[in-house]
>>> print(open('entry-v2.cif').read())   # mmCIF, C-alpha atoms
data_protein
#
loop_
_atom_site.label_atom_id
_atom_site.label_comp_id
_atom_site.auth_asym_id
_atom_site.auth_seq_id
_atom_site.Cartn_x
_atom_site.Cartn_y
_atom_site.Cartn_z
CA MET A 1006 164.82 90.86 131.82
CA SER A 1007 164.64 94.62 132.27
CA PHE A 1008 163.08 96.88 129.69
CA THR A 1009 166.37 98.69 129.08
CA TYR A 1010 168.18 95.42 128.46
CA PHE A 1011 165.43 94.30 126.12
CA ILE A 1012 165.77 97.44 124.03
CA LYS A 1013 169.54 97.07 123.76
CA ARG A 1014 169.31 93.38 122.96
CA LYS A 1015 166.79 93.93 120.17
CA LYS A 1016 168.96 96.76 118.82
CA ILE A 1017 165.98 98.95 118.09
CA SER A 1018 167.17 101.94 120.05
CA ARG A 1019 170.13 104.25 119.73
CA LYS A 1020 170.90 107.16 122.00
CA ILE A 1021 171.64 110.21 119.87
CA LYS A 1022 172.01 113.78 121.09
CA VAL A 1023 170.48 116.65 119.11
CA LEU A 1024 170.93 120.36 119.54
CA LYS A 1025 168.23 122.23 121.42
CA ASN A 1026 166.51 124.32 118.77
CA THR A 1027 164.09 127.15 119.39
CA ARG A 1028 162.46 127.58 115.97
CA PHE A 1029 160.98 125.31 113.33
CA GLU A 1030 163.44 126.80 110.81
CA ASP A 1031 166.24 125.23 112.84
CA LEU A 1032 164.67 121.80 112.21
CA ASN A 1033 164.94 122.26 108.41
CA ILE A 1034 161.19 122.63 107.95
CA LYS A 1035 160.53 124.16 104.52
CA ALA A 1036 158.67 127.34 103.61
CA PRO A 1037 155.18 125.95 102.83
CA PHE A 1038 155.01 124.25 106.20
CA LEU A 1039 156.50 127.19 108.09
CA LYS A 1040 153.77 129.36 106.61
CA ALA A 1041 151.11 126.85 107.67
CA LEU A 1042 152.58 126.69 111.17
CA THR A 1043 152.52 130.47 111.39
CA ASP A 1044 148.86 130.42 110.36
CA GLU A 1045 148.19 128.06 113.26
CA GLY A 1046 150.12 130.28 115.65
CA TYR A 1047 153.02 127.85 116.16
CA ILE A 1048 156.54 129.29 116.31
CA THR A 1049 158.49 127.25 118.86
CA PRO A 1050 158.60 123.45 118.59
CA THR A 1051 157.63 121.36 121.60
CA PRO A 1052 160.21 118.91 123.03
CA ILE A 1053 158.79 115.91 121.13
CA GLN A 1054 158.82 117.91 117.89
CA ASN A 1055 162.31 119.23 118.52
CA GLU A 1056 163.70 115.76 119.18
CA THR A 1057 161.75 113.76 116.61
CA ILE A 1058 161.54 115.85 113.43
CA PRO A 1059 165.28 115.77 112.58
CA PHE A 1060 165.40 111.98 112.86
CA VAL A 1061 162.32 111.49 110.67
CA LEU A 1062 163.76 113.82 108.04
CA GLN A 1063 166.96 111.73 108.11
CA GLY A 1064 164.91 108.64 107.30
CA LEU A 1065 165.41 106.92 110.65
CA ASP A 1066 162.86 104.77 112.45
CA VAL A 1067 161.69 106.38 115.69
CA MET A 1068 160.16 105.03 118.89
CA GLY A 1069 158.72 107.97 120.81
CA MET A 1070 157.35 108.21 124.32
CA ALA A 1071 155.04 111.20 124.75
CA GLN A 1072 151.73 111.98 126.35
CA THR A 1073 148.71 113.18 124.39
CA GLY A 1074 148.77 116.95 124.08
CA THR A 1075 152.54 117.32 123.73
CA GLY A 1076 152.49 118.01 120.00
CA LYS A 1077 153.48 114.57 118.80
CA THR A 1078 151.06 114.69 115.85
CA ALA A 1079 153.06 117.50 114.29
CA ALA A 1080 156.25 115.65 115.22
CA PHE A 1081 155.47 112.97 112.64
CA THR A 1082 153.06 114.66 110.20
CA LEU A 1083 155.31 117.63 109.39
CA PRO A 1084 158.40 115.66 108.30
CA ILE A 1085 156.30 113.05 106.49
CA LEU A 1086 154.45 115.76 104.55
CA GLN A 1087 157.73 117.42 103.69
CA LYS A 1088 159.34 114.20 102.47
CA LEU A 1089 156.28 113.19 100.44
CA ASN A 1090 156.07 116.65 98.91
CA ALA A 1091 159.69 116.44 97.79
CA ASN A 1092 158.81 113.38 95.70
CA GLN A 1093 155.23 113.82 94.57
CA SER A 1094 153.42 111.25 92.44
CA VAL A 1095 151.98 112.44 89.12
CA GLU A 1096 149.42 109.64 88.98
CA LYS A 1097 145.84 110.74 89.73
CA ALA A 1098 144.59 107.34 90.93
CA ARG A 1099 147.63 106.62 93.06
CA ASP A 1100 148.10 104.23 95.95
CA PRO A 1101 148.83 105.71 99.39
CA ARG A 1102 152.47 106.23 100.38
CA ALA A 1103 151.91 106.95 104.08
CA LEU A 1104 149.73 105.10 106.59
CA ILE A 1105 148.96 106.36 110.08
CA LEU A 1106 147.10 103.99 112.42
CA ALA A 1107 145.18 105.38 115.39
CA PRO A 1108 143.10 103.55 118.02
CA THR A 1109 139.94 105.69 117.83
CA ARG A 1110 137.93 107.58 115.24
CA GLU A 1111 138.32 110.77 117.28
CA LEU A 1112 142.11 110.60 117.19
CA ALA A 1113 142.12 109.59 113.51
CA ILE A 1114 139.97 112.61 112.64
CA GLN A 1115 142.23 114.86 114.71
CA ILE A 1116 145.35 113.63 112.91
CA ASN A 1117 143.70 114.06 109.52
CA ASP A 1118 142.71 117.63 110.46
CA SER A 1119 146.32 118.33 111.42
CA ILE A 1120 147.53 117.03 108.07
CA ARG A 1121 145.05 119.35 106.36
CA ASN A 1122 146.26 122.34 108.37
CA TYR A 1123 149.99 121.68 108.00
CA GLY A 1124 149.75 120.67 104.35
CA LYS A 1125 147.38 123.32 103.05
CA TYR A 1126 150.05 124.96 100.85
CA ILE A 1127 150.99 121.74 99.04
CA ALA A 1128 149.03 119.40 96.78
CA LEU A 1129 149.16 116.10 98.67
CA LYS A 1130 145.89 114.19 99.06
CA HIS A 1131 144.81 112.56 102.31
CA THR A 1132 141.77 110.96 103.90
CA VAL A 1133 140.60 109.36 107.12
CA ILE A 1134 139.05 105.90 107.47
CA PHE A 1135 137.14 104.63 110.50
CA GLY A 1136 134.25 102.35 111.36
CA GLY A 1137 130.80 103.09 112.70
CA VAL A 1138 129.72 104.91 109.53
CA LYS A 1139 128.81 103.84 105.99
CA GLN A 1140 131.88 102.94 103.98
CA GLY A 1141 130.61 104.37 100.67
CA PRO A 1142 132.05 107.89 101.01
CA GLN A 1143 135.38 106.50 102.21
CA VAL A 1144 135.55 104.09 99.28
CA LYS A 1145 134.78 106.93 96.86
CA LEU A 1146 137.64 109.03 98.21
CA LEU A 1147 140.07 106.10 98.06
CA GLY A 1148 139.15 105.62 94.42
CA LYS A 1149 140.41 109.13 93.64
CA GLY A 1150 143.91 108.23 94.83
CA MET A 1151 145.42 109.26 98.14
CA ASP A 1152 148.93 110.01 99.32
CA ILE A 1153 148.19 109.62 103.04
CA ILE A 1154 145.65 107.46 104.86
CA VAL A 1155 144.81 107.92 108.53
CA ALA A 1156 142.83 104.92 109.76
CA THR A 1157 141.57 102.79 112.57
CA PRO A 1158 142.69 99.17 112.09
CA GLY A 1159 139.33 97.43 111.73
CA ARG A 1160 137.82 99.53 108.95
CA LEU A 1161 141.14 99.66 107.12
CA LEU A 1162 141.37 95.86 107.00
CA ASP A 1163 137.72 95.63 105.89
CA LEU A 1164 138.38 97.90 102.91
CA ILE A 1165 141.62 96.10 102.06
CA ASN A 1166 139.84 92.73 102.10
CA GLN A 1167 137.19 94.14 99.77
CA GLY A 1168 139.85 95.33 97.35
CA PHE A 1169 139.26 99.05 97.86
CA CYS A 1170 142.66 99.84 99.36
CA SER A 1171 146.24 98.68 98.78
CA LEU A 1172 149.27 99.14 101.01
CA ASN A 1173 151.82 97.96 98.44
CA LYS A 1174 153.42 101.40 98.03
CA ILE A 1175 153.56 102.54 101.65
CA GLU A 1176 156.82 104.39 102.39
CA PHE A 1177 155.93 105.70 105.87
CA PHE A 1178 154.11 103.78 108.59
CA VAL A 1179 153.08 105.41 111.86
CA LEU A 1180 151.56 103.57 114.82
CA ASP A 1181 150.16 106.21 117.16
CA GLU A 1182 149.03 105.65 120.76
CA ALA A 1183 150.44 102.13 120.66
CA ASP A 1184 149.65 101.39 124.30
CA ARG A 1185 145.99 102.30 123.78
CA MET A 1186 145.97 100.11 120.66
CA LEU A 1187 147.01 97.09 122.70
CA ASP A 1188 144.65 97.94 125.57
CA MET A 1189 141.77 98.01 123.09
CA GLY A 1190 142.68 94.59 121.68
CA PHE A 1191 144.04 95.68 118.29
CA ILE A 1192 147.25 93.64 118.42
CA ASN A 1193 146.09 91.03 115.89
CA ASP A 1194 144.83 93.72 113.50
CA ILE A 1195 148.15 95.53 113.77
CA LYS A 1196 150.03 92.34 112.94
CA LYS A 1197 147.77 91.80 109.91
CA VAL A 1198 148.47 95.32 108.66
CA LEU A 1199 152.22 94.90 109.15
CA LYS A 1200 152.19 91.80 106.94
CA LEU A 1201 150.64 93.84 104.13
CA LEU A 1202 153.27 96.59 104.16
CA PRO A 1203 156.37 96.66 101.93
CA ASN A 1204 159.55 95.57 103.65
CA ARG A 1205 161.30 98.79 102.70
CA ARG A 1206 159.67 101.66 104.60
CA GLN A 1207 160.23 104.11 107.45
CA ASN A 1208 158.50 103.24 110.73
CA LEU A 1209 157.43 105.45 113.63
CA LEU A 1210 155.83 104.28 116.88
CA PHE A 1211 154.46 106.57 119.58
CA SER A 1212 153.19 105.57 122.99
CA ALA A 1213 152.50 107.30 126.30
CA THR A 1214 153.97 104.31 128.15
CA MET A 1215 156.47 101.64 127.18
CA PRO A 1216 155.68 98.34 128.90
CA LYS A 1217 157.27 95.11 127.71
CA SER A 1218 154.33 94.41 125.38
CA ILE A 1219 154.98 97.65 123.49
CA ALA A 1220 158.73 96.96 123.41
CA THR A 1221 158.02 93.52 121.92
CA LEU A 1222 155.75 95.02 119.29
CA ALA A 1223 158.30 97.72 118.48
CA GLY A 1224 161.03 95.11 118.13
CA SER A 1225 158.94 93.25 115.57
CA PHE A 1226 159.02 96.02 112.96
CA LEU A 1227 161.27 98.95 113.94
CA ASN A 1228 164.69 98.87 112.36
CA ASN A 1229 167.57 100.20 114.50
CA ALA A 1230 165.28 102.95 115.75
CA VAL A 1231 166.09 106.10 117.67
CA MET A 1232 164.29 106.26 121.01
CA VAL A 1233 162.88 109.68 121.92
CA ASP A 1234 161.54 109.96 125.46
CA VAL A 1235 159.89 113.21 126.56
CA SER A 1236 157.42 111.56 128.92
#
>>> encode(input="entry-v2.cif", output="structure tokens")
Amino acid sequence: MSFTYFIKRKKISRKIKVLKNTRFEDLNIKAPFLKALTDEGYITPTPIQNETIPFVLQGLDVMGMAQTGTGKTAAFTLPILQKLNANQSVEKARDPRALILAPTRELAIQINDSIRNYGKYIALKHTVIFGGVKQGPQVKLLGKGMDIIVATPGRLLDLINQGFCSLNKIEFFVLDEADRMLDMGFINDIKKVLKLLPNRRQNLLFSATMPKSIATLAGSFLNNAVMVDVS
């Protein structure tokens, strides 16, 4: 069975053409985020941003193929921030509405920093969770209520099992660097996290490569997803 046939059979990929835009304004990014992008020196979207952002804003699941360093973090953080900001929670001790899983603490920290930079003109709360450090400070931040959690799988499951974190209200789930996740042996942890998520949510998966193992994983939780390939 070829990979292409597998994708079509699982019905998780649709080929959709989008116009080639040259500015973030053309992607319907709103003023607070345009200002933040200008502060960072970003004017022209990269191919993965240009192709992905419109689909995420439309509420579609996305399976993206892109190498590290192509701007994929902004491709999913910008539209998620914008959609969350359009429907902010008024509760102080609120459960997270977006979860981003990353394979390493370094990548998780990088994604969290990007969220801080792109979302500095809005009031959403976010934090990063990873192992190898004391959990006390992370637990304290979770107790204040977070809109977005960026996490490595192991520490996230530890805190969930201890009752410090709930995924019951997740609206957006992102699995970043999926191929590295599987190479590092996180497949069982990913499956455990998926079982804890609400059925109704938007899913995004990004991977530098797309072997059959990643296609199988994608088929288990993506719903009629758009496939964006800029690899």
>>> resolve_selection(input="entry-v2.cif", expression="the PyMOL selection byres ((chain A and resi 1063) around 12)", output="MDAnalysis selection string")
chainID A and resid 1032:1033 1057:1062 1064:1067 1084:1085 1087:1088 1207 1230:1231
>>> resolve_selection(input="entry-v2.cif", expression="the PyMOL selection byres ((chain A and resi 1068) around 8)", output="ChimeraX atom specification")
/A:1018,1066-1067,1069-1070,1209-1211,1223,1227,1230-1233
>>> closest_residue(input="entry-v2.cif", among="A:Ile1219, A:Leu1172, A:Ala1156, A:Ala1071", to="Val1133 (chain A)", atoms="only C-alpha atoms")
A:Ala1156
>>> closest_residue(input="entry-v2.cif", among="A:Ile1134, A:Leu1146, A:Leu1187, A:Val1198", to="Ala1220 (chain A)", atoms="all atoms listed in the file")
A:Leu1187
>>> resolve_selection(input="entry-v2.cif", expression="the PyMOL selection byres ((chain A and resi 1159) around 12)", output="MDAnalysis selection string")
chainID A and resid 1106:1110 1134:1137 1156:1158 1160:1166 1186 1189:1198
>>> residues_around(input="entry-v2.cif", residues="region 1037-1053 of chain A", least_positions_apart="4", cutoff="6 Å", atoms="all atoms listed in the file", output="list in words")
Thr1027, Arg1028, Thr1057, Lys1077, Tyr1123 and Tyr1126 of chain A
>>> residues_around(input="entry-v2.cif", residues="region 1117-1119 of chain A", least_positions_apart="3", cutoff="8 Å", atoms="all atoms listed in the file", output="PyMOL selection string")
chain A and resi 1078-1079+1082+1113-1114+1122-1123+1131-1133+1155
>>> decode(input="entry-v2.cif", residues="region 1056-1105 of chain A", atoms="N, CA and C atoms", output="compact mmCIF listing (two decimals), in the first residue's frame")
# COMPACT_ATOMS: atom_id res chain seq x y z
N GLU A 1056 0.49 28.86 3.43
CA GLU A 1056 -0.41 27.77 3.09
C GLU A 1056 -1.26 27.32 4.27
N THR A 1057 -0.72 27.41 5.48
CA THR A 1057 -1.39 26.82 6.64
C THR A 1057 -2.35 27.75 7.34
N ILE A 1058 -1.96 29.02 7.53
CA ILE A 1058 -2.76 29.94 8.34
C ILE A 1058 -4.21 30.05 7.88
N PRO A 1059 -4.50 30.19 6.58
CA PRO A 1059 -5.90 30.30 6.17
C PRO A 1059 -6.74 29.08 6.57
N PHE A 1060 -6.17 27.89 6.45
CA PHE A 1060 -6.90 26.68 6.80
C PHE A 1060 -7.19 26.60 8.30
N VAL A 1061 -6.20 26.98 9.11
CA VAL A 1061 -6.41 26.95 10.56
C VAL A 1061 -7.48 27.97 10.95
N LEU A 1062 -7.45 29.13 10.36
CA LEU A 1062 -8.47 30.14 10.66
C LEU A 1062 -9.86 29.68 10.23
N GLN A 1063 -9.92 28.82 9.20
CA GLN A 1063 -11.22 28.28 8.77
C GLN A 1063 -11.72 27.16 9.68
N GLY A 1064 -10.87 26.71 10.60
CA GLY A 1064 -11.27 25.65 11.51
C GLY A 1064 -10.99 24.26 11.01
N LEU A 1065 -10.16 24.12 9.97
CA LEU A 1065 -9.87 22.82 9.40
C LEU A 1065 -8.70 22.15 10.11
N ASP A 1066 -8.73 20.83 10.16
CA ASP A 1066 -7.56 20.07 10.61
C ASP A 1066 -6.49 20.15 9.52
N VAL A 1067 -5.23 20.18 9.94
CA VAL A 1067 -4.12 20.32 9.00
C VAL A 1067 -3.03 19.31 9.32
N MET A 1068 -2.51 18.67 8.27
CA MET A 1068 -1.33 17.83 8.38
C MET A 1068 -0.25 18.49 7.54
N GLY A 1069 0.79 19.02 8.21
CA GLY A 1069 1.80 19.79 7.51
C GLY A 1069 3.15 19.11 7.49
N MET A 1070 3.79 19.15 6.33
CA MET A 1070 5.16 18.65 6.19
C MET A 1070 6.08 19.84 6.00
N ALA A 1071 6.98 20.06 6.97
CA ALA A 1071 7.90 21.19 6.90
C ALA A 1071 9.09 20.94 7.80
N GLN A 1072 10.24 21.36 7.33
CA GLN A 1072 11.45 21.21 8.11
C GLN A 1072 11.50 22.26 9.22
N THR A 1073 12.31 21.98 10.25
CA THR A 1073 12.56 22.96 11.29
C THR A 1073 13.24 24.18 10.67
N GLY A 1074 12.82 25.36 11.09
CA GLY A 1074 13.41 26.58 10.56
C GLY A 1074 12.67 27.19 9.40
N THR A 1075 11.50 26.64 9.07
CA THR A 1075 10.72 27.16 7.95
C THR A 1075 9.59 28.09 8.40
N GLY A 1076 9.49 28.32 9.71
CA GLY A 1076 8.45 29.21 10.22
C GLY A 1076 7.16 28.52 10.60
N LYS A 1077 7.21 27.20 10.79
CA LYS A 1077 5.97 26.49 11.08
C LYS A 1077 5.38 26.83 12.44
N THR A 1078 6.22 27.27 13.39
CA THR A 1078 5.68 27.63 14.70
C THR A 1078 4.68 28.77 14.58
N ALA A 1079 5.04 29.79 13.82
CA ALA A 1079 4.10 30.88 13.58
C ALA A 1079 2.89 30.43 12.78
N ALA A 1080 3.09 29.41 11.94
CA ALA A 1080 2.00 28.92 11.10
C ALA A 1080 0.84 28.39 11.93
N PHE A 1081 1.14 27.84 13.12
CA PHE A 1081 0.02 27.38 13.95
C PHE A 1081 -0.25 28.28 15.15
N THR A 1082 0.78 28.95 15.70
CA THR A 1082 0.53 29.78 16.88
C THR A 1082 -0.27 31.04 16.54
N LEU A 1083 0.03 31.68 15.42
CA LEU A 1083 -0.68 32.91 15.07
C LEU A 1083 -2.19 32.69 14.92
N PRO A 1084 -2.64 31.75 14.09
CA PRO A 1084 -4.10 31.58 13.97
C PRO A 1084 -4.76 31.07 15.25
N ILE A 1085 -4.06 30.24 16.02
CA ILE A 1085 -4.64 29.78 17.28
C ILE A 1085 -4.80 30.94 18.25
N LEU A 1086 -3.78 31.78 18.37
CA LEU A 1086 -3.88 32.96 19.23
C LEU A 1086 -5.04 33.86 18.80
N GLN A 1087 -5.17 34.05 17.51
CA GLN A 1087 -6.22 34.92 17.01
C GLN A 1087 -7.60 34.36 17.31
N LYS A 1088 -7.77 33.05 17.13
CA LYS A 1088 -9.08 32.44 17.37
C LYS A 1088 -9.40 32.41 18.87
N LEU A 1089 -8.41 32.14 19.70
CA LEU A 1089 -8.64 32.17 21.14
C LEU A 1089 -8.97 33.58 21.62
N ASN A 1090 -8.28 34.56 21.07
CA ASN A 1090 -8.50 35.94 21.47
C ASN A 1090 -9.89 36.43 21.09
N ALA A 1091 -10.44 35.88 20.03
CA ALA A 1091 -11.78 36.27 19.59
C ALA A 1091 -12.86 35.75 20.53
N ASN A 1092 -12.50 34.79 21.37
CA ASN A 1092 -13.48 34.19 22.30
C ASN A 1092 -12.80 33.95 23.63
N GLN A 1093 -12.41 35.03 24.30
CA GLN A 1093 -11.66 34.92 25.53
C GLN A 1093 -12.54 34.46 26.69
N SER A 1094 -11.92 33.71 27.61
CA SER A 1094 -12.60 33.27 28.82
C SER A 1094 -12.45 34.35 29.89
N VAL A 1095 -13.53 34.56 30.66
CA VAL A 1095 -13.49 35.57 31.72
C VAL A 1095 -13.11 34.95 33.07
N GLU A 1096 -13.01 33.63 33.11
CA GLU A 1096 -12.66 32.95 34.35
C GLU A 1096 -11.16 33.09 34.61
N LYS A 1097 -10.80 33.44 35.86
CA LYS A 1097 -9.39 33.58 36.21
C LYS A 1097 -8.71 32.22 36.30
N ALA A 1098 -9.31 31.29 37.02
CA ALA A 1098 -8.72 29.94 37.15
C ALA A 1098 -9.32 29.03 36.09
N ARG A 1099 -8.97 29.28 34.86
CA ARG A 1099 -9.60 28.57 33.74
C ARG A 1099 -8.73 27.41 33.27
N ASP A 1100 -9.39 26.42 32.68
CA ASP A 1100 -8.68 25.29 32.10
C ASP A 1100 -8.13 25.68 30.73
N PRO A 1101 -7.03 25.06 30.31
CA PRO A 1101 -6.44 25.40 29.01
C PRO A 1101 -7.37 25.04 27.86
N ARG A 1102 -7.29 25.85 26.79
CA ARG A 1102 -8.11 25.62 25.60
C ARG A 1102 -7.26 25.21 24.40
N ALA A 1103 -5.95 25.32 24.54
CA ALA A 1103 -5.04 24.89 23.46
C ALA A 1103 -3.88 24.12 24.06
N LEU A 1104 -3.54 23.00 23.43
CA LEU A 1104 -2.42 22.17 23.87
C LEU A 1104 -1.48 21.94 22.69
N ILE A 1105 -0.21 22.23 22.91
CA ILE A 1105 0.82 22.01 21.90
C ILE A 1105 1.84 21.03 22.47
